[in-house]
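The next block holds one structure in the form of structure tokens; read it before the comments.
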Amino acid sequence: MSENAQKLYYPPEALVKNAAVPGMEAYQALVKQAEEDYEGYWANHARKLLDWHKPFSTVLDESDAPFFKWFADGELNVSYNCLDRQVNNGLGDKVAIIFEGDDGKVSKVTYKELLGKVCKMANALKSVGVKCGDRVVIYLPMSVEGIVAMQACARIGATHSVVFGGFSAQSLRDRLESSGAVALITSDGQFRGGKALPLKPIADEALSMGGCEAVKNVLVVKRTGGEVTMVAGRDQWVEEVMAQQPDTCEPEWVGAEHPLFLLYTSGSTGKPKGVQHSSGGYLLQAVLSMQYTFDIKPDDVFWCTADIGWVTGHTYIAYGPLASGATQVVFEGVPTYPDAGRFWQMIQNHKVSIFYTAPTAIRSLIKAADANEKVHPKNYDLSSLRIMGSVGEPINPAAWEWYHENVGGGRCPIVDTFWQTETGAHMITPMPGATPLLPGSCTLPFPGIQATVVDETGTEVPWGQGGILVVKRPWPSMIRTVWGDPERFKSSYYPADFQGKLYLAGDGAIRDAETGYFTITGRIDDVLNVSGHRMGTMEIESALVAHEKVAEAAVVGRPDDTTGEAIVAFVVLKGPRPTGDEAVATIKELAAWVGKEIGPIAKPKDIRFGENLPKTRSGKIMRRLLRQLAKGEEITQDTSTLENPAILDQLKG
Ligand code: PRX
């Protein structure tokens, strides 16, 4: 092995023995199976892992590439696969969800109870006229109701689009309009860090902005008891509607390609795109990755700390664990309330055995533990843990080592899972009972995924050489299209540069010269990753220039110890360049503005003013220079092509 050999961590014997993928030979055998009979590999899993109402006879249909179809003539229902089949298999009394509120209050829901709730919600949706194929937007906090709402949509064949509770009225409005939603499910508010925050008032504002007249019904969950205005004829308390509904509801059998959900995510240009996912292929990989990547077993307690507003919360909260018949923890709050020991306390209390979180959370909890002994994981009994995961951004080796040692007690493999909203499920990840781990590397492709690294022409580069991450063959849980914009789907993911044959992930990668292990080197487009949240620089720029004082803005990322990347905005005002107190006040005003336009997660950490931006003579903004300025680096390269080199001094931090 390579020079990295001494840094490799091998899976514990006990885990290998009972693992779904027991050892590297088993992993290689799966890879080989998929290589030799690609369709057969996926079809076998699809038959074994899902219940089909009507079996499929075709597997992969490439006739309209890159609009690929999987299992197209098969019929199933996702909610049936997640709930009814568990109940039918004797798991009705098994706990499906252990819900812990922000205030620490715990409630448990069994599979039978969850099925009843989902049926009532499904009937409630039907009662207000929602039909198969309609879109429903869900703007809810982390809650049992959020999962119930998603499952209820799936049950009746309505396509949901969950909007993260931290997004602004404007962002919600844009998604309501773009998806053409007929109904909105929201709550009066949400609890986070001991505070009650409003949601329904934001939803009201979104609906009043215009463009979402298709929304005829708003169902409101009661959570905080905060004051809300109910619009007669449009708004109803969901509990009241559900109370009148039966707790059974025949699932709507849909084709495998039926759109289960749209999830809006940022790209390098334009407004966020509605990533459309399928029913059959999506669910297949949700379940398969629960088995292979998380090695889920009947006695496991699974906890994914993501929010249902992101794809991780879709695949590894709302669908994967339920379709696997697992018990999972769902958490409403934040990792630092009432103190930064919350995660460790919860792992201890609920005997969590598989824990899946983001590097940002780990890095901030390292800082907190360094500052305050009391919240260090060593103070808690974390012996229930057997597997841990990481997702959303690269995990730096130091954070990896800390997580491994202090949380996992040196005995739990860490699965560093690389994937995206568009991929639906894990793409490159260790198998916990097989893959020797290298901190900072997501290691090798999920069995069946044909990932590789190419140059600008689409030619594979040798191991050891950096390049562009691509996927060679379509996979079942992949994005089907960009909602309402098939051209954008093609140009974003199957660009002509690669003759439309390779899926472009948008990330750079390098494979270790000897092991072939992948390391993700970061986005190669104008997408930022702040605390694992994906944001387009253009989106933030558009928000800034929408402010009456702003003439021009350019946004770049800068490495940040805690959040991975931080947002830096270079702004030219219509009036004179502000200094002193005026600059401080304007920075505050603009940051608040972006928070209101997009959501607090998009607020720039650093805003700098110039009389202009560094531009070439043809007027192109030189972002490379801005990135250097953002990092505080000296500009050493030739700036003679700049129209206005003097401007650089103004833009230094
Ligand atoms: O840049 C990669 C990064 O997150 C992007 C996808 O973001 P999103 O669609 O929001 O989905 C996040 C959760 C799946 C990728 O293009 N990313 C995600 N996981 C990793 C990662 N970068 C490095 N290592 C990872 N494990």
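Chain identifiers are assigned as A, B, and so on, following the order in which chains appear in the structure tokens; residues are numbered from 1 within each chain, and ligands are numbered from 1 in order of appearance.
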
| said: Which residues are close to Ser390 of chain A, i.e. within 10 Å by only C-alpha atoms, leaving aside same-chain residues fewer than 3 positions away? Reply as a VMD selection string. | reply: chain A and resid 304 355 to 362 393 to 395 400 403 414 to 418 429 442

Those residues you just picked out, can you put them in a file as a short mmCIF file (atom, residue, chain, number, x, y, z; two decimals), in the first residue's frame with N, CA, C and O atoms?
```cif
data_model
loop_
_atom_site.label_atom_id
_atom_site.label_comp_id
_atom_site.auth_asym_id
_atom_site.auth_seq_id
_atom_site.Cartn_x
_atom_site.Cartn_y
_atom_site.Cartn_z
N CYS A 304 -29.70 10.25 12.29
CA CYS A 304 -29.14 11.18 11.32
C CYS A 304 -29.55 12.57 11.78
O CYS A 304 -30.74 12.84 11.95
N PHE A 355 -24.64 6.75 14.08
CA PHE A 355 -24.76 8.20 14.21
C PHE A 355 -24.20 8.86 12.96
O PHE A 355 -23.09 8.58 12.54
N TYR A 356 -25.01 9.73 12.36
CA TYR A 356 -24.66 10.31 11.07
C TYR A 356 -24.78 11.82 11.18
O TYR A 356 -25.88 12.34 11.42
N THR A 357 -23.68 12.53 11.04
CA THR A 357 -23.72 13.98 11.19
C THR A 357 -22.77 14.67 10.21
O THR A 357 -22.19 14.02 9.35
N ALA A 358 -22.63 15.98 10.36
CA ALA A 358 -21.85 16.76 9.40
C ALA A 358 -20.55 17.26 10.02
O ALA A 358 -20.51 17.54 11.23
N PRO A 359 -19.51 17.39 9.22
CA PRO A 359 -18.24 17.89 9.73
C PRO A 359 -18.35 19.22 10.47
O PRO A 359 -17.68 19.44 11.48
N THR A 360 -19.22 20.11 9.99
CA THR A 360 -19.38 21.40 10.65
C THR A 360 -19.79 21.22 12.11
O THR A 360 -19.26 21.89 13.00
N ALA A 361 -20.74 20.32 12.34
CA ALA A 361 -21.20 20.06 13.71
C ALA A 361 -20.03 19.53 14.53
O ALA A 361 -19.79 19.99 15.65
N ILE A 362 -19.29 18.60 13.96
CA ILE A 362 -18.17 18.02 14.70
C ILE A 362 -17.15 19.11 15.05
O ILE A 362 -16.72 19.23 16.19
N GLU A 393 -19.75 17.75 3.34
CA GLU A 393 -18.56 18.52 2.99
C GLU A 393 -17.36 17.65 3.35
O GLU A 393 -17.50 16.67 4.09
N PRO A 394 -16.20 18.04 2.86
CA PRO A 394 -15.02 17.25 3.22
C PRO A 394 -14.79 17.31 4.73
O PRO A 394 -15.01 18.36 5.34
N ILE A 395 -14.40 16.20 5.31
CA ILE A 395 -14.05 16.22 6.74
C ILE A 395 -12.53 16.25 6.83
O ILE A 395 -11.84 15.38 6.28
N TRP A 400 -11.73 14.33 11.79
CA TRP A 400 -11.99 12.88 11.64
C TRP A 400 -11.40 12.12 12.82
O TRP A 400 -12.05 11.30 13.47
N TYR A 403 -13.24 12.78 16.11
CA TYR A 403 -14.54 12.10 16.05
C TYR A 403 -14.33 10.60 16.33
O TYR A 403 -15.00 10.00 17.17
N ILE A 414 -15.83 5.18 10.60
CA ILE A 414 -16.51 6.39 10.14
C ILE A 414 -16.74 6.25 8.64
O ILE A 414 -15.78 6.06 7.87
N VAL A 415 -18.00 6.33 8.23
CA VAL A 415 -18.27 6.31 6.80
C VAL A 415 -18.40 7.77 6.33
O VAL A 415 -19.32 8.47 6.70
N ASP A 416 -17.40 8.19 5.57
CA ASP A 416 -17.39 9.55 5.02
C ASP A 416 -18.09 9.45 3.67
O ASP A 416 -17.52 9.00 2.69
N THR A 417 -19.36 9.83 3.67
CA THR A 417 -20.21 9.57 2.52
C THR A 417 -20.26 10.77 1.58
O THR A 417 -20.79 11.82 1.95
N PHE A 418 -19.76 10.61 0.39
CA PHE A 418 -19.88 11.66 -0.62
C PHE A 418 -21.13 11.40 -1.44
O PHE A 418 -21.30 10.30 -2.00
N THR A 429 -18.22 6.03 -0.76
CA THR A 429 -18.25 5.87 0.70
C THR A 429 -17.61 4.55 1.11
O THR A 429 -17.67 3.58 0.37
N CYS A 442 -13.18 9.85 1.07
CA CYS A 442 -14.45 9.10 1.09
C CYS A 442 -14.25 7.71 0.48
O CYS A 442 -15.20 6.97 0.27
#
```

| message | Give me, as a list in words, the set of residues whose atoms come within 7 Å of any atom of ligand 1, counting only C-alpha atoms and all ligand atoms. | response |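 Checking only C-alpha atoms and all ligand atoms against ligand 1 at 7 Å gives Thr265, Trp310, Val311, Thr312, Ser390, Val391, Gly392, Glu393, Pro394, Ile395, Asp416, Thr417, Phe418, Trp419, Gln420, Thr421, Glu422, Cys442, Ala505, Gly506, Asp507, Ile520, Gly522, Arg523, Asn529, Gly532, His533 and Arg534 of chain A.
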
Keeping C-alpha atoms, export the residues of the selection given above as a compact mmCIF listing (two decimals), in the first residue's frame.
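As written to disk, result-v1.txt reads:
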```txt
# COMPACT_ATOMS: atom_id res chain seq x y z
CA THR A 265 -30.81 23.21 -4.57
CA TRP A 310 -32.10 18.84 2.94
CA VAL A 311 -31.61 15.71 0.90
CA THR A 312 -29.88 13.92 3.77
CA SER A 390 -20.06 12.13 8.00
CA VAL A 391 -21.75 13.99 5.17
CA GLY A 392 -22.10 17.26 3.35
CA GLU A 393 -18.56 18.52 2.99
CA PRO A 394 -15.02 17.25 3.22
CA ILE A 395 -14.05 16.22 6.74
CA ASP A 416 -17.39 9.55 5.02
CA THR A 417 -20.21 9.57 2.52
CA PHE A 418 -19.88 11.66 -0.62
CA TRP A 419 -23.14 12.33 -2.43
CA GLN A 420 -25.43 15.14 -3.53
CA THR A 421 -29.04 16.27 -3.70
CA GLU A 422 -28.93 15.08 -7.30
CA CYS A 442 -14.45 9.10 1.09
CA ALA A 505 -21.02 16.11 -10.25
CA GLY A 506 -19.59 19.63 -10.04
CA ASP A 507 -16.78 18.57 -7.73
CA ILE A 520 -13.03 15.29 -2.99
CA GLY A 522 -14.25 20.81 -3.58
CA ARG A 523 -16.67 22.36 -6.02
CA ASN A 529 -20.59 24.95 0.88
CA GLY A 532 -22.70 21.78 4.69
CA HIS A 533 -25.34 24.04 3.14
CA ARG A 534 -25.09 24.55 -0.54
```

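For Pro486 of chain A, the residues within 12 Å (counting only C-alpha atoms, excluding itself and residues fewer than 2 positions away along the chain) are Asp64, Ala65, Pro66, Phe67, Lys273, Gly274, Val275, Gln276, Ile479, Arg480, Thr481, Val482, Trp483, Gly484, Arg488, Phe489, Lys490, Ser491, Ser492, Tyr493 and Tyr494 of chain A.
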
| field | Polymer residues at most 9 Å from Val144 of chain A, only C-alpha atoms, same-chain spacing of 4 or more positions, as a ChimeraX atom specification | value | /A:97,99,109,114,148-149,330

Selected residues written out, N, CA, C and O atoms, as a PDB file, in the first residue's frame:
```pdb
ATOM      1  N   ILE A  97     -39.953   5.930  15.428  1.00  0.00           N
ATOM      2  CA  ILE A  97     -39.346   7.244  15.687  1.00  0.00           C
ATOM      3  C   ILE A  97     -39.288   7.524  17.180  1.00  0.00           C
ATOM      4  O   ILE A  97     -40.292   7.419  17.879  1.00  0.00           O
ATOM      5  N   PHE A  99     -38.750  10.681  19.081  1.00  0.00           N
ATOM      6  CA  PHE A  99     -38.643  12.118  18.823  1.00  0.00           C
ATOM      7  C   PHE A  99     -38.207  12.837  20.085  1.00  0.00           C
ATOM      8  O   PHE A  99     -38.790  12.656  21.150  1.00  0.00           O
ATOM      9  N   VAL A 109     -43.039   6.799  18.581  1.00  0.00           N
ATOM     10  CA  VAL A 109     -44.108   6.430  17.657  1.00  0.00           C
ATOM     11  C   VAL A 109     -43.766   5.074  17.057  1.00  0.00           C
ATOM     12  O   VAL A 109     -42.662   4.887  16.524  1.00  0.00           O
ATOM     13  N   LEU A 114     -47.466   5.190  13.293  1.00  0.00           N
ATOM     14  CA  LEU A 114     -47.018   6.069  12.206  1.00  0.00           C
ATOM     15  C   LEU A 114     -47.874   5.852  10.959  1.00  0.00           C
ATOM     16  O   LEU A 114     -48.287   6.813  10.299  1.00  0.00           O
ATOM     17  N   VAL A 148     -44.455  12.613   8.628  1.00  0.00           N
ATOM     18  CA  VAL A 148     -45.813  12.153   8.293  1.00  0.00           C
ATOM     19  C   VAL A 148     -46.285  12.857   7.017  1.00  0.00           C
ATOM     20  O   VAL A 148     -46.863  12.226   6.120  1.00  0.00           O
ATOM     21  N   ALA A 149     -46.023  14.153   6.920  1.00  0.00           N
ATOM     22  CA  ALA A 149     -46.461  14.913   5.738  1.00  0.00           C
ATOM     23  C   ALA A 149     -45.798  14.374   4.469  1.00  0.00           C
ATOM     24  O   ALA A 149     -46.454  14.193   3.436  1.00  0.00           O
ATOM     25  N   VAL A 330     -35.238  11.280  15.978  1.00  0.00           N
ATOM     26  CA  VAL A 330     -35.475  12.513  15.232  1.00  0.00           C
ATOM     27  C   VAL A 330     -35.388  13.656  16.233  1.00  0.00           C
ATOM     28  O   VAL A 330     -36.045  13.615  17.281  1.00  0.00           O
TER      29      VAL A 330
END
```

| task | Would you kindly return, as a ChimeraX atom specification, each protein, DNA or RNA residue with an atom no farther than 12 Å from any atom of Met121 of chain A, considering only C-alpha atoms and excluding same-chain residues fewer than 3 positions away? | result | /A:114-118,124-128,130,144-156,185,219-221,237-249

| How far is it from atom CA of Arg411 of chain A to atom CA of Val287 of chain A, in Å with one decimal? |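 Calculated distance between atom CA of Arg411 of chain A and atom CA of Val287 of chain A is 25.0 Å.
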
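Within 9 Å of Ser179 of chain A, once only C-alpha atoms are used and residues closer than 2 positions along the same chain are dropped, the contacting residues are Arg135, Val136, Val137, Ser161, Asp174, Arg175, Leu176, Glu177, Ala181, Leu262, Gly274, Trp483 and Gly484 of chain A.
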
Using N, CA, C and O atoms, can you export the residues from the last selection as a PDB file, in the first residue's frame?
```
ATOM      1  N   ARG A 135     -48.376  18.938  -6.645  1.00  0.00           N
ATOM      2  CA  ARG A 135     -47.233  19.246  -5.786  1.00  0.00           C
ATOM      3  C   ARG A 135     -47.706  19.860  -4.477  1.00  0.00           C
ATOM      4  O   ARG A 135     -48.623  20.687  -4.463  1.00  0.00           O
ATOM      5  N   VAL A 136     -47.052  19.438  -3.402  1.00  0.00           N
ATOM      6  CA  VAL A 136     -47.354  19.960  -2.067  1.00  0.00           C
ATOM      7  C   VAL A 136     -46.043  20.450  -1.469  1.00  0.00           C
ATOM      8  O   VAL A 136     -45.059  19.705  -1.438  1.00  0.00           O
ATOM      9  N   VAL A 137     -46.031  21.697  -1.013  1.00  0.00           N
ATOM     10  CA  VAL A 137     -44.818  22.198  -0.364  1.00  0.00           C
ATOM     11  C   VAL A 137     -44.948  21.995   1.145  1.00  0.00           C
ATOM     12  O   VAL A 137     -46.003  22.226   1.730  1.00  0.00           O
ATOM     13  N   SER A 161     -42.365  18.932  -1.967  1.00  0.00           N
ATOM     14  CA  SER A 161     -41.146  19.713  -2.038  1.00  0.00           C
ATOM     15  C   SER A 161     -40.969  20.339  -0.669  1.00  0.00           C
ATOM     16  O   SER A 161     -41.741  21.210  -0.266  1.00  0.00           O
ATOM     17  N   ASP A 174     -40.586  31.561  -3.997  1.00  0.00           N
ATOM     18  CA  ASP A 174     -39.989  31.115  -5.261  1.00  0.00           C
ATOM     19  C   ASP A 174     -40.238  29.623  -5.481  1.00  0.00           C
ATOM     20  O   ASP A 174     -40.513  29.179  -6.592  1.00  0.00           O
ATOM     21  N   ARG A 175     -40.128  28.853  -4.414  1.00  0.00           N
ATOM     22  CA  ARG A 175     -40.303  27.399  -4.532  1.00  0.00           C
ATOM     23  C   ARG A 175     -41.766  27.027  -4.714  1.00  0.00           C
ATOM     24  O   ARG A 175     -42.085  26.073  -5.422  1.00  0.00           O
ATOM     25  N   LEU A 176     -42.637  27.778  -4.060  1.00  0.00           N
ATOM     26  CA  LEU A 176     -44.079  27.529  -4.250  1.00  0.00           C
ATOM     27  C   LEU A 176     -44.447  27.801  -5.704  1.00  0.00           C
ATOM     28  O   LEU A 176     -45.162  27.027  -6.338  1.00  0.00           O
ATOM     29  N   GLU A 177     -43.925  28.887  -6.219  1.00  0.00           N
ATOM     30  CA  GLU A 177     -44.265  29.256  -7.596  1.00  0.00           C
ATOM     31  C   GLU A 177     -43.670  28.261  -8.583  1.00  0.00           C
ATOM     32  O   GLU A 177     -44.368  27.732  -9.449  1.00  0.00           O
ATOM     33  N   ALA A 181     -47.168  24.444  -6.584  1.00  0.00           N
ATOM     34  CA  ALA A 181     -47.808  23.728  -5.475  1.00  0.00           C
ATOM     35  C   ALA A 181     -49.276  24.114  -5.330  1.00  0.00           C
ATOM     36  O   ALA A 181     -49.637  25.277  -5.506  1.00  0.00           O
ATOM     37  N   LEU A 262     -39.558  16.904  -5.259  1.00  0.00           N
ATOM     38  CA  LEU A 262     -38.662  17.901  -5.842  1.00  0.00           C
ATOM     39  C   LEU A 262     -37.919  18.485  -4.657  1.00  0.00           C
ATOM     40  O   LEU A 262     -38.507  18.700  -3.605  1.00  0.00           O
ATOM     41  N   GLY A 274     -35.084  22.772  -9.168  1.00  0.00           N
ATOM     42  CA  GLY A 274     -35.909  21.742  -8.532  1.00  0.00           C
ATOM     43  C   GLY A 274     -35.449  20.373  -8.994  1.00  0.00           C
ATOM     44  O   GLY A 274     -35.783  19.915 -10.081  1.00  0.00           O
ATOM     45  N   TRP A 483     -36.919  20.280 -12.561  1.00  0.00           N
ATOM     46  CA  TRP A 483     -38.358  20.516 -12.698  1.00  0.00           C
ATOM     47  C   TRP A 483     -38.613  21.720 -13.621  1.00  0.00           C
ATOM     48  O   TRP A 483     -38.105  22.813 -13.386  1.00  0.00           O
ATOM     49  N   GLY A 484     -39.342  21.448 -14.684  1.00  0.00           N
ATOM     50  CA  GLY A 484     -39.731  22.519 -15.602  1.00  0.00           C
ATOM     51  C   GLY A 484     -38.617  23.036 -16.489  1.00  0.00           C
ATOM     52  O   GLY A 484     -38.811  24.004 -17.225  1.00  0.00           O
TER      53      GLY A 484
END
```

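Proximity to Asp299 of chain A was assessed for A:Pro495, A:Gly458, A:Pro335, A:Gly325 counting only C-alpha atoms; the smallest distance is recorded for A:Gly325.
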
| said: I'd like to know which residues of segment 26-265 of chain A are helix (DSSP H, G or I) (by DSSP, run on the backbone); could you write them as a ChimeraX atom specification? | reply: /A:26-36,38-49,78-91,111-127,144-156,169-179,200-208,238-243

| said: Taking 5 positions as the minimum chain separation for residues in the same chain, which residues sit within 9 Å of Gly193 of chain A when counting only C-alpha atoms? Answer as a count of residues only. | reply: 8

| message | Would you compute the distance between atom CA of Asp295 of chain A and atom CA of Tyr319 of chain A? Give it in Å to one decimal. | response |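 These atoms are spaced 16.0 Å apart.
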
| Secondary structure check, strand (DSSP E) residues of segment 44-190 of chain A, as a ChimeraX atom specification | /A:60-61,69-70,75-76,95-100,106-110,135-139,159-162,183-187,189-190

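We find atom CA of Ala592 of chain A and atom CA of Gly610 of chain A to be spaced 19.7 Å apart.
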
| message | Here is a test: counting only C-alpha atoms, which residue of A:Ile387, A:Val568, A:Gly557, A:Glu213 is nearest to Val527 of chain A? | response |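 Of the candidates, the smallest distance to Val527 of chain A is held by A:Gly557.
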
| From A:Gly211, A:Pro259, A:Gly341, A:Gly320, residue lying nearest Leu83 of chain A [only C-alpha atoms] |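 Of the candidates, the smallest distance to Leu83 of chain A is held by A:Gly320.
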
| field | Counting only C-alpha atoms, the option among A:Leu544, A:Ile510, A:Ala583, A:Ala630 closest to Arg558 of chain A | value |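 Comparing A:Leu544, A:Ile510, A:Ala583, A:Ala630 against Arg558 of chain A, the winner is A:Ala630.
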
| query | Using only C-alpha atoms, which residue out of A:Glu36, A:Asp581, A:Asp84, A:Glu257 lies closest to Ser278 of chain A? | reply |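 The shortest atom-to-atom distance to Ser278 of chain A comes from A:Glu257.
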